[in-house]
$ cat query-v5.txt   # compact mmCIF, C-alpha atoms and all ligand atoms
# COMPACT_ATOMS: atom_id res chain seq x y z
CA MET A 252 67.90 -69.03 89.24
CA PHE A 253 66.87 -65.74 87.58
CA GLU A 254 70.12 -65.67 85.63
CA LYS A 255 69.62 -69.28 84.50
CA ALA A 256 66.10 -68.43 83.38
CA GLU A 257 67.40 -65.55 81.25
CA GLU A 258 70.10 -67.81 79.74
CA LEU A 259 67.47 -70.41 78.89
CA LYS A 260 65.36 -67.80 77.13
CA LYS A 261 68.41 -66.67 75.15
CA LEU A 262 69.31 -70.26 74.22
CA PHE A 263 65.77 -70.92 73.04
CA SER A 264 65.72 -67.71 70.93
CA GLU A 265 68.88 -68.82 69.15
CA ARG A 266 67.67 -72.36 68.59
CA ILE A 267 64.32 -71.33 67.16
CA LYS A 268 66.02 -69.05 64.65
CA GLU A 269 67.81 -72.11 63.18
CA LEU A 270 64.57 -74.04 62.81
CA ASN A 271 63.40 -74.46 59.21
CA GLU A 272 61.40 -77.70 59.23
CA ALA A 273 58.06 -78.31 60.94
CA SER A 274 59.21 -81.77 62.05
CA GLU A 275 62.07 -80.17 64.01
CA ALA A 276 59.66 -77.94 65.99
CA GLU A 277 58.27 -80.85 67.99
CA LYS A 278 61.78 -81.96 68.90
CA LEU A 279 62.58 -78.45 70.13
CA ARG A 280 59.37 -78.33 72.15
CA ILE A 281 60.23 -81.61 73.88
CA GLU A 282 63.77 -80.47 74.53
CA PHE A 283 62.55 -77.32 76.33
CA LEU A 284 59.05 -78.12 77.60
CA GLY A 285 59.08 -81.93 77.85
CA LYS A 286 58.98 -83.81 81.17
CA LYS A 287 62.75 -83.98 81.26
CA GLY A 288 63.26 -80.69 79.43
CA PHE A 289 65.09 -77.51 80.43
CA VAL A 290 62.00 -75.82 81.89
CA SER A 291 61.27 -78.83 84.12
CA GLY A 292 64.87 -78.63 85.33
CA LEU A 293 64.33 -74.99 86.22
CA MET A 294 61.12 -75.84 88.12
CA GLN A 295 63.02 -78.32 90.25
CA GLU A 296 65.44 -75.56 91.18
CA LEU A 297 62.54 -73.59 92.69
CA ARG A 298 63.08 -75.68 95.84
CA ASN A 299 66.38 -73.91 96.46
CA VAL A 300 64.97 -70.39 96.00
CA PRO A 301 64.39 -68.51 99.30
CA ASN A 302 60.69 -68.33 100.28
CA GLU A 303 60.39 -64.58 99.79
CA ASP A 304 61.60 -64.90 96.12
CA LYS A 305 59.62 -68.06 95.24
CA LYS A 306 56.57 -66.21 93.91
CA GLU A 307 58.63 -64.03 91.56
CA ALA A 308 60.74 -67.03 90.46
CA GLY A 309 57.58 -69.03 89.67
CA GLN A 310 56.24 -66.14 87.61
CA LYS A 311 59.54 -65.95 85.72
CA ILE A 312 59.37 -69.64 84.83
CA ASN A 313 55.77 -69.30 83.66
CA GLU A 314 56.72 -66.30 81.59
CA ILE A 315 59.50 -68.31 79.88
CA LYS A 316 57.17 -71.24 79.32
CA GLN A 317 54.62 -68.93 77.73
CA TYR A 318 57.33 -67.29 75.62
CA ILE A 319 58.49 -70.70 74.31
CA GLU A 320 54.94 -71.85 73.51
CA ASN A 321 54.05 -68.60 71.70
CA SER A 322 57.30 -68.55 69.75
CA LEU A 323 56.84 -72.15 68.62
CA ALA A 324 53.25 -71.49 67.48
CA GLU A 325 54.37 -68.40 65.59
CA LYS A 326 57.24 -70.29 63.94
CA MET A 327 54.91 -73.11 62.89
CA ASN A 328 52.61 -70.59 61.22
CA ASP A 329 55.55 -69.04 59.35
CA LEU A 330 56.80 -72.45 58.21
CA LYS A 331 53.32 -73.45 57.02
CA ALA A 332 52.89 -70.22 55.06
CA PHE A 333 56.36 -70.65 53.57
CA GLU A 334 55.59 -74.24 52.45
CA GLU A 335 52.26 -73.18 50.90
CA GLN A 336 54.00 -70.45 48.95
CA ARG A 337 56.70 -72.91 47.85
CA GLN A 338 54.04 -75.27 46.46
CA ILE A 339 52.37 -72.40 44.59
CA ASP A 340 55.72 -71.30 43.12
CA LEU A 341 56.46 -74.89 42.11
CA ALA A 342 53.10 -75.31 40.38
CA GLU A 343 53.49 -71.99 38.58
CA SER A 344 57.00 -72.81 37.43
CA TYR A 345 55.96 -76.24 35.98
CA ASP A 346 56.31 -76.05 32.25
CA GLU A 347 54.29 -78.72 30.50
CA THR A 348 55.74 -77.75 27.13
CA MET A 349 59.25 -78.83 28.19
CA PRO A 350 60.45 -81.72 25.98
CA VAL A 351 60.52 -85.16 27.67
CA MET A 352 63.98 -86.62 28.16
CA THR A 353 63.37 -89.79 26.14
CA ASP A 354 66.98 -90.94 26.29
CA LEU A 355 66.76 -91.86 29.94
CA GLY A 356 66.37 -95.56 30.76
CA SER A 357 65.76 -98.56 28.55
CA TYR A 358 63.22 -101.34 28.30
CA HIS A 359 63.73 -104.49 30.32
CA PRO A 360 64.74 -107.41 28.04
CA ILE A 361 61.59 -109.30 29.05
CA THR A 362 59.48 -106.33 27.94
CA LEU A 363 61.35 -106.30 24.64
CA VAL A 364 60.82 -109.99 23.95
CA ARG A 365 57.22 -109.86 25.20
CA ARG A 366 56.35 -107.03 22.83
CA GLU A 367 58.09 -108.78 19.99
CA VAL A 368 56.05 -111.95 20.50
CA GLU A 369 52.89 -109.88 21.00
CA ASN A 370 53.47 -108.13 17.67
CA ILE A 371 53.96 -111.45 15.88
CA PHE A 372 50.67 -112.79 17.20
CA LEU A 373 48.82 -109.51 16.70
CA SER A 374 49.78 -109.65 13.03
CA MET A 375 48.21 -113.15 12.90
CA GLY A 376 44.86 -111.90 14.23
CA PHE A 377 45.32 -112.70 17.94
CA THR A 378 44.20 -110.33 20.69
CA VAL A 379 46.43 -109.55 23.69
CA GLU A 380 44.66 -110.05 27.01
CA ASP A 381 45.48 -108.86 30.49
CA TYR A 382 44.91 -111.00 33.58
CA SER A 383 45.46 -110.53 37.29
CA GLU A 384 48.47 -111.99 39.09
CA ILE A 385 46.20 -113.00 41.96
CA THR A 386 43.66 -115.69 41.19
CA ASP A 387 41.91 -118.57 42.88
CA ASP A 388 41.94 -122.34 43.02
CA TYR A 389 39.12 -122.64 40.50
CA ASN A 390 40.86 -120.71 37.72
CA CYS A 391 44.37 -121.98 38.41
CA PHE A 392 43.42 -125.64 38.75
CA GLU A 393 39.81 -126.81 38.74
CA ALA A 394 38.72 -125.11 35.51
CA LEU A 395 41.81 -126.70 33.94
CA ASN A 396 40.68 -130.23 34.66
CA ILE A 397 42.83 -130.44 37.81
CA PRO A 398 40.40 -131.31 40.61
CA LYS A 399 41.28 -131.01 44.30
CA PHE A 400 43.85 -133.58 45.47
CA HIS A 401 44.85 -134.38 41.86
CA PRO A 402 48.56 -135.36 41.82
CA ALA A 403 49.15 -132.86 38.97
CA ARG A 404 48.87 -130.06 41.55
CA ASP A 405 52.29 -131.10 42.82
CA MET A 406 53.80 -130.11 39.45
CA GLN A 407 53.70 -126.49 40.63
CA ASP A 408 54.49 -125.36 44.15
CA THR A 409 51.87 -122.71 44.84
CA TYR A 410 52.02 -119.57 46.99
CA TYR A 411 48.64 -119.45 48.73
CA LEU A 412 47.26 -116.17 50.06
CA SER A 413 44.56 -115.72 52.65
CA SER A 414 40.86 -115.76 51.65
CA ASN A 415 41.16 -118.68 49.19
CA GLN A 416 43.36 -116.76 46.81
CA LEU A 417 46.75 -117.61 45.36
CA LEU A 418 49.48 -116.18 43.14
CA LYS A 419 49.02 -117.63 39.69
CA THR A 420 51.51 -120.40 38.98
CA HIS A 421 50.95 -120.33 35.23
CA THR A 422 49.24 -118.16 32.65
CA SER A 423 46.86 -121.07 31.94
CA ALA A 424 44.98 -119.70 34.98
CA ALA A 425 43.39 -117.16 32.62
CA GLN A 426 42.12 -119.74 30.10
CA ASN A 427 38.64 -120.06 31.57
CA THR A 428 38.13 -116.29 31.78
CA ILE A 429 39.31 -115.64 28.22
CA LEU A 430 37.35 -118.56 26.76
CA ARG A 431 34.22 -117.24 28.46
CA LYS A 432 34.93 -113.69 27.29
CA TYR A 433 34.98 -114.73 23.61
CA LYS A 434 32.74 -117.81 23.47
CA ASN A 435 29.86 -115.87 21.92
CA SER A 436 32.03 -114.84 19.00
CA LEU A 437 32.43 -118.55 18.11
CA GLU A 438 28.70 -118.73 17.39
CA ASN A 439 29.13 -115.82 14.96
CA GLY A 440 31.77 -117.79 13.09
CA ASN A 441 34.80 -116.00 14.56
CA PRO A 442 37.55 -118.20 16.04
CA ILE A 443 38.97 -117.36 19.47
CA ARG A 444 42.57 -116.28 19.04
CA ALA A 445 44.16 -114.79 22.14
CA ILE A 446 47.49 -114.51 23.89
CA PHE A 447 47.89 -113.50 27.51
CA PRO A 448 51.34 -112.74 28.89
CA GLY A 449 51.87 -112.56 32.63
CA ARG A 450 54.06 -113.00 35.64
CA CYS A 451 53.92 -116.38 37.37
CA PHE A 452 55.00 -117.38 40.85
CA ARG A 453 56.18 -120.73 42.12
CA ASN A 454 57.84 -121.68 45.36
CA GLU A 455 60.80 -123.25 43.56
CA LYS A 456 64.48 -123.61 44.22
CA ILE A 457 66.16 -121.15 41.89
CA ASP A 458 69.08 -121.99 39.58
CA PRO A 459 70.41 -120.70 36.22
CA SER A 460 67.19 -121.72 34.41
CA HIS A 461 64.58 -121.56 37.21
CA GLU A 462 63.21 -118.47 38.93
CA ASN A 463 60.41 -118.30 41.48
CA THR A 464 59.01 -115.26 39.65
CA PHE A 465 59.06 -115.54 35.88
CA PHE A 466 57.02 -114.68 32.80
CA GLN A 467 54.98 -116.90 30.55
CA MET A 468 52.80 -116.17 27.57
CA GLU A 469 49.72 -118.27 27.08
CA GLY A 470 48.14 -118.64 23.68
CA ILE A 471 44.84 -120.23 22.69
CA MET A 472 42.98 -120.75 19.45
CA VAL A 473 39.52 -122.31 19.28
CA ASP A 474 37.42 -123.00 16.20
CA LYS A 475 35.64 -125.87 14.45
CA ASN A 476 38.54 -127.44 12.56
CA ILE A 477 41.72 -126.82 14.49
CA SER A 478 44.42 -129.49 14.36
CA ILE A 479 47.90 -130.18 15.68
CA SER A 480 49.35 -128.92 12.39
CA ASN A 481 47.84 -125.47 13.11
CA LEU A 482 49.57 -125.52 16.49
CA ILE A 483 52.91 -126.48 14.96
CA TYR A 484 52.55 -123.79 12.28
CA PHE A 485 52.04 -121.02 14.89
CA MET A 486 54.92 -122.26 17.05
CA LYS A 487 57.30 -122.40 14.08
CA THR A 488 56.27 -118.94 12.83
CA MET A 489 56.76 -117.41 16.27
CA LEU A 490 60.21 -118.96 16.81
CA SER A 491 61.57 -118.14 13.36
CA GLU A 492 60.40 -114.51 13.69
CA VAL A 493 61.81 -114.08 17.20
CA PHE A 494 65.20 -115.59 16.43
CA GLN A 495 65.45 -114.56 12.76
CA LYS A 496 67.48 -117.71 12.18
CA ASP A 497 66.94 -121.46 12.23
CA VAL A 498 66.78 -122.83 15.73
CA THR A 499 66.60 -126.52 16.55
CA VAL A 500 63.48 -127.57 18.43
CA ARG A 501 62.05 -130.92 19.39
CA LEU A 502 58.50 -131.95 20.16
CA ARG A 503 57.92 -134.81 22.58
CA PRO A 504 54.88 -136.07 24.42
CA GLY A 505 54.11 -134.18 27.63
CA PHE A 506 51.40 -134.54 30.26
CA PHE A 507 49.22 -131.62 31.31
CA PRO A 508 45.65 -132.38 32.48
CA PHE A 509 44.29 -129.45 30.46
CA VAL A 510 45.48 -130.70 27.04
CA GLU A 511 45.04 -133.96 25.19
CA PRO A 512 47.32 -134.82 23.52
CA GLY A 513 50.00 -132.70 25.21
CA PHE A 514 53.53 -131.90 24.09
CA GLU A 515 56.75 -130.47 25.40
CA LEU A 516 58.46 -128.16 22.94
CA ASP A 517 62.15 -127.85 23.78
CA ILE A 518 64.72 -125.57 22.21
CA GLN A 519 68.31 -126.62 21.72
CA CYS A 520 70.34 -124.51 24.15
CA LEU A 521 71.75 -121.51 22.29
CA ILE A 522 74.28 -120.77 25.02
CA CYS A 523 76.23 -124.01 24.41
CA SER A 524 74.79 -124.99 20.99
CA GLY A 525 73.49 -128.20 22.53
CA GLU A 526 76.84 -129.26 24.01
CA GLY A 527 75.56 -129.03 27.60
CA CYS A 528 76.16 -126.19 30.09
CA PRO A 529 74.82 -124.98 33.47
CA SER A 530 72.07 -122.95 31.72
CA CYS A 531 70.49 -126.14 30.32
CA LYS A 532 71.55 -128.36 33.21
CA ASN A 533 74.02 -130.06 30.85
CA SER A 534 71.22 -131.59 28.79
CA GLY A 535 71.70 -129.43 25.68
CA TRP A 536 67.94 -128.65 25.71
CA LEU A 537 65.66 -126.20 27.48
CA GLU A 538 61.91 -126.71 28.00
CA LEU A 539 60.40 -123.68 26.33
CA CYS A 540 56.80 -124.00 25.27
CA PRO A 541 54.58 -126.87 26.36
CA CYS A 542 51.42 -127.09 24.31
CA GLY A 543 48.62 -129.34 23.12
CA MET A 544 45.01 -129.64 22.09
CA ILE A 545 42.66 -128.14 24.70
CA HIS A 546 40.99 -130.87 26.77
CA PRO A 547 37.20 -131.10 26.17
CA ASN A 548 36.62 -130.66 29.93
CA VAL A 549 38.32 -127.24 29.79
CA LEU A 550 36.07 -126.10 26.95
CA SER A 551 32.98 -127.42 28.76
CA ALA A 552 34.01 -125.61 31.98
CA ALA A 553 33.91 -122.38 29.95
CA GLY A 554 30.50 -123.20 28.50
CA ILE A 555 31.80 -124.14 25.03
CA ASN A 556 30.35 -127.19 23.29
CA SER A 557 33.34 -129.54 23.04
CA ASP A 558 31.62 -131.74 20.46
CA GLU A 559 31.49 -128.83 18.09
CA TYR A 560 34.65 -126.87 18.90
CA ILE A 561 38.28 -127.79 19.33
CA GLY A 562 41.38 -125.75 20.05
CA PHE A 563 45.03 -125.60 20.93
CA ALA A 564 46.87 -123.94 23.79
CA PHE A 565 50.50 -123.22 24.54
CA GLY A 566 52.38 -121.84 27.54
CA LEU A 567 55.52 -120.12 26.31
CA GLY A 568 58.30 -119.59 28.87
CA LEU A 569 58.91 -115.92 28.10
CA THR A 570 61.80 -115.44 30.51
CA ARG A 571 63.56 -118.49 29.08
CA LEU A 572 62.91 -117.19 25.58
CA ALA A 573 64.64 -113.93 26.59
CA MET A 574 67.58 -115.98 27.93
CA MET A 575 67.97 -117.76 24.61
CA LYS A 576 67.40 -114.70 22.44
CA TYR A 577 69.90 -112.49 24.25
CA GLY A 578 72.40 -115.22 25.25
CA VAL A 579 71.82 -114.64 28.97
CA LYS A 580 73.41 -117.56 30.81
CA ASP A 581 71.62 -117.16 34.11
CA ILE A 582 67.88 -116.44 34.41
CA ARG A 583 68.44 -114.72 37.77
CA LEU A 584 69.95 -111.73 36.00
CA PHE A 585 66.50 -110.60 34.84
CA ASN A 586 65.18 -109.99 38.35
CA SER A 587 68.51 -108.81 39.73
CA GLY A 588 68.00 -105.11 39.01
CA ASN A 589 71.62 -105.00 37.84
CA ILE A 590 71.57 -101.71 35.93
CA LYS A 591 74.92 -102.32 34.23
CA SER A 592 73.67 -105.53 32.60
CA LEU A 593 70.11 -104.43 31.95
CA SER A 594 71.07 -101.11 30.36
CA GLN A 595 72.80 -103.02 27.54
CA PHE A 596 69.33 -103.61 26.10
CA THR A 597 68.88 -100.32 24.35
CA ASP A 598 65.97 -100.85 21.97
CA LYS A 599 63.33 -98.21 22.70
CA SER A 600 61.36 -98.24 19.51
CA PHE A 601 58.52 -100.72 19.91
CA THR A 602 55.25 -99.93 18.26
CA ARG A 603 52.10 -101.95 17.70
CA PRO A 604 51.06 -102.92 14.20
CA GLU A 605 47.88 -101.17 13.00
C1 LIG A 701 52.85 -124.86 32.39
O1 LIG A 701 52.97 -123.92 33.15
C2 LIG A 701 51.60 -125.06 31.57
N1 LIG A 701 50.58 -124.18 32.05
C3 LIG A 701 51.93 -124.79 30.12
C4 LIG A 701 50.89 -125.23 29.12
C5 LIG A 701 49.99 -124.32 28.64
C6 LIG A 701 50.83 -126.55 28.69
C7 LIG A 701 49.03 -124.70 27.71
C8 LIG A 701 49.91 -126.94 27.76
C9 LIG A 701 49.00 -126.00 27.28
P1 LIG A 701 55.30 -125.65 32.72
O2 LIG A 701 55.24 -125.76 34.18
O3 LIG A 701 56.13 -126.67 32.03
O4 LIG A 701 53.81 -125.70 32.13
O5 LIG A 701 55.82 -124.21 32.35
C10 LIG A 701 55.79 -123.75 31.01
C11 LIG A 701 57.10 -123.07 30.65
O6 LIG A 701 57.33 -122.00 31.57
C12 LIG A 701 58.33 -123.98 30.80
O7 LIG A 701 58.56 -124.74 29.63
C13 LIG A 701 59.42 -122.96 31.00
O8 LIG A 701 59.85 -122.42 29.78
C14 LIG A 701 58.72 -121.91 31.82
N2 LIG A 701 58.96 -122.11 33.27
C15 LIG A 701 58.36 -123.00 34.09
N3 LIG A 701 58.85 -122.91 35.33
C16 LIG A 701 59.80 -121.95 35.29
C17 LIG A 701 60.67 -121.38 36.27
N4 LIG A 701 60.67 -121.77 37.51
N5 LIG A 701 61.52 -120.40 35.87
C18 LIG A 701 61.50 -119.97 34.58
N6 LIG A 701 60.70 -120.46 33.62
C19 LIG A 701 59.86 -121.44 33.97
$ encode --input "query-v5.txt" --output "structure tokens"
Amino acid sequence: MFEKAEELKKLFSERIKELNEASEAEKLRIEFLGKKGFVSGLMQELRNVPNEDKKEAGQKINEIKQYIENSLAEKMNDLKAFEEQRQIDLAESYDETMPVMTDLGSYHPITLVRREVENIFLSMGFTVEDYSEITDDYNCFEALNIPKFHPARDMQDTYYLSSNQLLKTHTSAAQNTILRKYKNSLENGNPIRAIFPGRCFRNEKIDPSHENTFFQMEGIMVDKNISISNLIYFMKTMLSEVFQKDVTVRLRPGFFPFVEPGFELDIQCLICSGEGCPSCKNSGWLELCPCGMIHPNVLSAAGINSDEYIGFAFGLGLTRLAMMKYGVKDIRLFNSGNIKSLSQFTDKSFTRPE
């Protein structure tokens, strides 16, 4: 028993020397002092020690127990002091004058196309607005002339969260907030011109042109004499600047409760030049940017006099625009995190116009 106790002490002394992480100390403590640990094993052996030696054997075990506890406490203090010193050294060695390694990484293609469209609209006097990804039923539907139980709610399969909140299904969810933000400027004779890009979420089956998480960019303009020709002018300018070449688009009637009249603006598929391919579901066309004249009820919901003011709105499919611009055949690539594909987009030089 006495020999075993000495061996145990020796074993512990070796093991504690190897210890260099605080998290390992607890494991070592359990191994030696835990219910099923070495010291417990030694205690059980007390039974076999002759009565006259029991007292001394008990003292020996207590002495070892004490030795282990003290050594562990001491080691923990050393490790703590070492870590504190390491943090101080690290802070002192941090050199804020070191040049940043700007060559690492590249922008995501959606960021590239988003900034490009933002710059086009900024140069035409629009502001860029930010809006939360989490919203509520009022902003996503009711303020857009889609009352509860309206069949148009089925057009978008919504992810509902607890406490009456939801993930926005379209950037139109920000229309009410932005209209309210700028409505006073209308009275001072300044039109509302705003774009608001954002991520949208829909519980949809995904395929080469449909994602359940994708980007849109909403645009609105409100003033006294806005017409459909203004809308068409802005759409044409944006597309010709993004593509820097003629692209074929078509405008057809489209139904959205928040615009009247409403249109679907489709782009001829640039992957197959309109021949038909999986990216456009063999139709030769891709729905890109529905739009229309803002419904009077939407203006009224934002406190804007719809007899006096009129406006247009569009909801550009930004992820689809990136597909067409960069010839990406499958929309799922954008969220795939595939570094090999994404790192091909090397442009790093986006700036805002003054
Ligand atoms: C809307 O979301 C309307 N809020 C757009 C709008 C705004 C209409 C303002 C009128 C006035 P829609 O569900 O069609 O409409 O989506 C608009 C665009 O987003 C589509 O044309 C498409 O380019 C893109 N889009 C829609 N669903 C997906 C999806 N699952 N994956 C990728 N892009 C999508």
$ closest_atom_pairs --input "query-v5.txt" --of "chain A" --to "ligand LIG 701 (chain A)" --cutoff "8 Å" --atoms "all atoms listed in the file" --output "JSON lines"
{"residue": "A:Met406", "atom": "CA", "partner": "A:LIG701", "partner_atom": "O2", "distance": 7.0}
{"residue": "A:Gln407", "atom": "CA", "partner": "A:LIG701", "partner_atom": "O2", "distance": 6.7}
{"residue": "A:Thr420", "atom": "CA", "partner": "A:LIG701", "partner_atom": "O1", "distance": 7.0}
{"residue": "A:His421", "atom": "CA", "partner": "A:LIG701", "partner_atom": "O1", "distance": 4.6}
{"residue": "A:Thr422", "atom": "CA", "partner": "A:LIG701", "partner_atom": "N1", "distance": 6.2}
{"residue": "A:Ser423", "atom": "CA", "partner": "A:LIG701", "partner_atom": "N1", "distance": 4.9}
{"residue": "A:Ala424", "atom": "CA", "partner": "A:LIG701", "partner_atom": "N1", "distance": 7.7}
{"residue": "A:Phe452", "atom": "CA", "partner": "A:LIG701", "partner_atom": "N4", "distance": 7.9}
{"residue": "A:Arg453", "atom": "CA", "partner": "A:LIG701", "partner_atom": "N4", "distance": 6.5}
{"residue": "A:Glu455", "atom": "CA", "partner": "A:LIG701", "partner_atom": "N4", "distance": 6.2}
{"residue": "A:Lys456", "atom": "CA", "partner": "A:LIG701", "partner_atom": "N4", "distance": 7.9}
{"residue": "A:Ile457", "atom": "CA", "partner": "A:LIG701", "partner_atom": "N4", "distance": 7.1}
{"residue": "A:Ser460", "atom": "CA", "partner": "A:LIG701", "partner_atom": "C18", "distance": 6.0}
{"residue": "A:His461", "atom": "CA", "partner": "A:LIG701", "partner_atom": "N5", "distance": 3.5}
{"residue": "A:Glu462", "atom": "CA", "partner": "A:LIG701", "partner_atom": "N5", "distance": 4.0}
{"residue": "A:Asn463", "atom": "CA", "partner": "A:LIG701", "partner_atom": "N4", "distance": 5.3}
{"residue": "A:Thr464", "atom": "CA", "partner": "A:LIG701", "partner_atom": "N5", "distance": 6.9}
{"residue": "A:Phe465", "atom": "CA", "partner": "A:LIG701", "partner_atom": "C18", "distance": 5.2}
{"residue": "A:Phe466", "atom": "CA", "partner": "A:LIG701", "partner_atom": "N6", "distance": 6.9}
{"residue": "A:Gln467", "atom": "CA", "partner": "A:LIG701", "partner_atom": "O6", "distance": 5.7}
{"residue": "A:Glu469", "atom": "CA", "partner": "A:LIG701", "partner_atom": "C5", "distance": 6.3}
{"residue": "A:Gly470", "atom": "CA", "partner": "A:LIG701", "partner_atom": "C7", "distance": 7.3}
{"residue": "A:Ile471", "atom": "CA", "partner": "A:LIG701", "partner_atom": "C7", "distance": 7.9}
{"residue": "A:Phe507", "atom": "CA", "partner": "A:LIG701", "partner_atom": "C8", "distance": 5.9}
{"residue": "A:Phe509", "atom": "CA", "partner": "A:LIG701", "partner_atom": "C9", "distance": 6.6}
{"residue": "A:Val510", "atom": "CA", "partner": "A:LIG701", "partner_atom": "C8", "distance": 5.9}
{"residue": "A:Gly513", "atom": "CA", "partner": "A:LIG701", "partner_atom": "C8", "distance": 6.3}
{"residue": "A:Phe514", "atom": "CA", "partner": "A:LIG701", "partner_atom": "C8", "distance": 7.2}
{"residue": "A:Glu515", "atom": "CA", "partner": "A:LIG701", "partner_atom": "O7", "distance": 7.3}
{"residue": "A:Leu516", "atom": "CA", "partner": "A:LIG701", "partner_atom": "O7", "distance": 7.5}
{"residue": "A:Asp517", "atom": "CA", "partner": "A:LIG701", "partner_atom": "O7", "distance": 7.5}
{"residue": "A:Leu537", "atom": "CA", "partner": "A:LIG701", "partner_atom": "O8", "distance": 7.3}
{"residue": "A:Glu538", "atom": "CA", "partner": "A:LIG701", "partner_atom": "O7", "distance": 4.2}
{"residue": "A:Leu539", "atom": "CA", "partner": "A:LIG701", "partner_atom": "O8", "distance": 3.7}
{"residue": "A:Cys540", "atom": "CA", "partner": "A:LIG701", "partner_atom": "O7", "distance": 4.8}
{"residue": "A:Pro541", "atom": "CA", "partner": "A:LIG701", "partner_atom": "C6", "distance": 4.4}
{"residue": "A:Cys542", "atom": "CA", "partner": "A:LIG701", "partner_atom": "C8", "distance": 3.8}
{"residue": "A:Gly543", "atom": "CA", "partner": "A:LIG701", "partner_atom": "C9", "distance": 5.3}
{"residue": "A:Met544", "atom": "CA", "partner": "A:LIG701", "partner_atom": "C9", "distance": 7.5}
{"residue": "A:Ile545", "atom": "CA", "partner": "A:LIG701", "partner_atom": "C9", "distance": 7.2}
{"residue": "A:Phe563", "atom": "CA", "partner": "A:LIG701", "partner_atom": "C9", "distance": 7.5}
{"residue": "A:Ala564", "atom": "CA", "partner": "A:LIG701", "partner_atom": "C7", "distance": 4.5}
{"residue": "A:Phe565", "atom": "CA", "partner": "A:LIG701", "partner_atom": "C7", "distance": 3.8}
{"residue": "A:Gly566", "atom": "CA", "partner": "A:LIG701", "partner_atom": "C5", "distance": 3.6}
{"residue": "A:Leu567", "atom": "CA", "partner": "A:LIG701", "partner_atom": "C11", "distance": 5.5}
{"residue": "A:Gly568", "atom": "CA", "partner": "A:LIG701", "partner_atom": "O8", "distance": 3.4}
{"residue": "A:Leu569", "atom": "CA", "partner": "A:LIG701", "partner_atom": "O8", "distance": 6.8}
{"residue": "A:Thr570", "atom": "CA", "partner": "A:LIG701", "partner_atom": "N6", "distance": 6.0}
{"residue": "A:Arg571", "atom": "CA", "partner": "A:LIG701", "partner_atom": "O8", "distance": 5.4}
{"residue": "A:Leu572", "atom": "CA", "partner": "A:LIG701", "partner_atom": "O8", "distance": 7.4}
{"residue": "A:Ile582", "atom": "CA", "partner": "A:LIG701", "partner_atom": "C18", "distance": 7.3}
$ closest_residue --input "query-v5.txt" --among "A:Phe400, A:Tyr577, A:Phe263, A:Tyr560" --to "Leu437 (chain A)" --atoms "all atoms listed in the file"
A:Tyr560
$ residues_around --input "query-v5.txt" --residues "Ser592 (chain A)" --least-positions-apart "3" --cutoff "12 Å" --atoms "all atoms listed in the file" --output "count of residues only"
16
$ closest_residue --input "query-v5.txt" --among "A:Met468, A:Met489, A:Leu412, A:Leu284" --to "Asp381 (chain A)" --atoms "only C-alpha atoms"
A:Met468
$ residues_near_point --input "query-v5.txt" --point "(50.7, -111.3, 40.7)" --cutoff "6 Å" --atoms "only C-alpha atoms" --output "VMD selection string"
chain A and resid 384 to 385 418
$ closest_residue --input "query-v5.txt" --among "A:Lys326, A:Lys487, A:Arg298, A:Arg366" --to "Ser264 (chain A)" --atoms "only C-alpha atoms"
A:Lys326
$ atom_distance --input "query-v5.txt" --atom1 "CA of Gly562 (chain A)" --atom2 "CA of Asp474 (chain A)"
6.2 Å
$ residues_around --input "query-v5.txt" --residues "Leu521 (chain A)" --least-positions-apart "4" --cutoff "10 Å" --atoms "only C-alpha atoms" --output "short mmCIF file (atom, residue, chain, number, x, y, z; two decimals) with C-alpha atoms, in the frame of the given file"
data_model
loop_
_atom_site.label_atom_id
_atom_site.label_comp_id
_atom_site.auth_asym_id
_atom_site.auth_seq_id
_atom_site.Cartn_x
_atom_site.Cartn_y
_atom_site.Cartn_z
CA VAL A 498 66.78 -122.83 15.73
CA THR A 499 66.60 -126.52 16.55
CA GLY A 525 73.49 -128.20 22.53
CA GLU A 526 76.84 -129.26 24.01
CA GLY A 527 75.56 -129.03 27.60
CA SER A 530 72.07 -122.95 31.72
CA CYS A 531 70.49 -126.14 30.32
CA GLY A 535 71.70 -129.43 25.68
CA TRP A 536 67.94 -128.65 25.71
CA LEU A 537 65.66 -126.20 27.48
CA MET A 574 67.58 -115.98 27.93
CA MET A 575 67.97 -117.76 24.61
CA LYS A 576 67.40 -114.70 22.44
CA TYR A 577 69.90 -112.49 24.25
CA GLY A 578 72.40 -115.22 25.25
CA VAL A 579 71.82 -114.64 28.97
CA LYS A 580 73.41 -117.56 30.81
#
$ atom_distance --input "query-v5.txt" --atom1 "CA of Glu314 (chain A)" --atom2 "CA of Phe333 (chain A)"
28.4 Å
$ atom_distance --input "query-v5.txt" --atom1 "CA of Asn441 (chain A)" --atom2 "CA of Asn476 (chain A)"
12.2 Å
$ closest_residue --input "query-v5.txt" --among "A:Lys475, A:Arg404, A:Arg337, A:Arg365" --to "Ile555 (chain A)" --atoms "all atoms listed in the file"
A:Lys475
$ closest_residue --input "query-v5.txt" --among "A:Pro402, A:Asn556, A:Phe447, A:Gly440" --to "Pro508 (chain A)" --atoms "all atoms listed in the file"
A:Pro402
$ residues_near_point --input "query-v5.txt" --point "(58.8, -71.4, 58.1)" --cutoff "12 Å" --atoms "all atoms listed in the file" --output "PyMOL selection string"
chain A and resi 267-276+323-337
$ closest_residue --input "query-v5.txt" --among "A:Tyr411, A:Ile477, A:Ala394, A:Pro448" --to "Ile361 (chain A)" --atoms "all atoms listed in the file"
A:Pro448
